[in-house]
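Presented below is the structure to which this report refers.
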Amino acid sequence: MHINRGDLYRLLTRRFKFADKEDAIDAVQSAVAATWEVAILREPPRNPQAYSTVVAYRVMGRMIEQRRRFRRPRMDLRMGVVDPEFLEGPLLTMDESETAYDAHAVLEALPANHADVLRRHYLEGKPLEELARTDGVTPECMRKRHERAIKCARKLFVTSDE
């Protein structure tokens, strides 16, 4: 399985022009590691280069979003749009105390079957395929249960403004 890291780095630096070069290198390494992990633990991807490209884009997008949220909230680095007024301004952090929720409080508010799926998947770190095997259902069924549990959890926190 061959992954061309140079092409991957070039794609990332072109798409995310305002991103740090070290982040691009980290995203490439994460993508290669994820591709190898999938190839070893599961079935190898049909096109490893395409798979690693998608993973690298997602990793890079998450890095940039995290930087934007905690450093300069008015910048959108993914689209290449920068508000010049805030480019040289001080670093800012977002106060998320109003939007932070305790995971256990969310799970207590959910029905038992939804809370069980979310608890085992997110808090215990078990993949959905493993949960499906332990429950004796198909992986598709477990993914659908997970989807329903997430929808139910989201409904609990939707306000009338949204």
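Residues are named by chain letter and number: chains run A, B, ... in the order of the structure tokens, numbers start at 1 in each chain, and ligands are numbered from 1 in the order shown.
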- Message: Show me, as an NGL selection string, the residues that have an atom within 7 Å of Val28 (chain A) when counting only C-alpha atoms, minus same-chain residues fewer than 2 positions from it.
- Response: :A and (5 or 8-9 or 24-26 or 30-32 or 56)
Hey, can you spit out that residue selection with N, CA, C and O atoms as an mmCIF file, in the first residue's frame?
data_model
loop_
_atom_site.group_PDB
_atom_site.id
_atom_site.type_symbol
_atom_site.label_atom_id
_atom_site.label_comp_id
_atom_site.auth_asym_id
_atom_site.auth_seq_id
_atom_site.Cartn_x
_atom_site.Cartn_y
_atom_site.Cartn_z
ATOM 1 N N ARG A 5 2.925 11.019 0.133
ATOM 2 C CA ARG A 5 2.800 12.064 1.145
ATOM 3 C C ARG A 5 3.033 13.451 0.564
ATOM 4 O O ARG A 5 2.434 14.424 1.014
ATOM 5 N N LEU A 8 -0.145 14.670 -0.977
ATOM 6 C CA LEU A 8 -1.089 14.976 0.093
ATOM 7 C C LEU A 8 -0.752 16.320 0.741
ATOM 8 O O LEU A 8 -1.636 17.158 0.952
ATOM 9 N N TYR A 9 0.517 16.547 1.003
ATOM 10 C CA TYR A 9 0.946 17.823 1.587
ATOM 11 C C TYR A 9 0.646 18.978 0.635
ATOM 12 O O TYR A 9 0.159 20.023 1.041
ATOM 13 N N ALA A 24 -0.205 21.084 8.423
ATOM 14 C CA ALA A 24 -0.322 20.256 7.219
ATOM 15 C C ALA A 24 0.502 18.978 7.368
ATOM 16 O O ALA A 24 0.041 17.887 6.999
ATOM 17 N N ILE A 25 1.696 19.104 7.916
ATOM 18 C CA ILE A 25 2.532 17.919 8.133
ATOM 19 C C ILE A 25 1.863 16.969 9.132
ATOM 20 O O ILE A 25 1.822 15.754 8.922
ATOM 21 N N ASP A 26 1.304 17.526 10.214
ATOM 22 C CA ASP A 26 0.603 16.694 11.196
ATOM 23 C C ASP A 26 -0.609 16.007 10.586
ATOM 24 O O ASP A 26 -0.890 14.843 10.878
ATOM 25 N N SER A 30 -1.228 12.030 10.354
ATOM 26 C CA SER A 30 -2.444 11.439 10.918
ATOM 27 C C SER A 30 -3.205 10.639 9.877
ATOM 28 O O SER A 30 -3.730 9.562 10.171
ATOM 29 N N ALA A 31 -3.267 11.165 8.661
ATOM 30 C CA ALA A 31 -3.987 10.470 7.596
ATOM 31 C C ALA A 31 -3.298 9.167 7.226
ATOM 32 O O ALA A 31 -3.961 8.131 7.027
ATOM 33 N N VAL A 32 -1.986 9.183 7.131
ATOM 34 C CA VAL A 32 -1.245 7.959 6.806
ATOM 35 C C VAL A 32 -1.431 6.926 7.912
ATOM 36 O O VAL A 32 -1.673 5.744 7.645
ATOM 37 N N ALA A 56 -7.071 13.382 5.687
ATOM 38 C CA ALA A 56 -6.224 14.569 5.885
ATOM 39 C C ALA A 56 -7.049 15.852 5.815
ATOM 40 O O ALA A 56 -6.829 16.782 6.611
#
- Message: Between A:Arg14, A:Arg62, A:His2, A:Arg154, which residue has the minimum interatomic distance to Leu110 (chain A), considering only C-alpha atoms?
- Response: A:Arg154
- Item | d(CA of Ala115 (chain A), CA of Cys141 (chain A)) in Å | 16.0 Å
- Message: Could you list, as a list in words, every residue within 10 Å of region 127-136 of chain A, counting only C-alpha atoms and ignoring same-chain residues fewer than 5 positions away?
- Response: Val117, Leu118, Arg120, His121, Tyr122, Cys141, Met142, Arg143, Arg145 and His146 of chain A
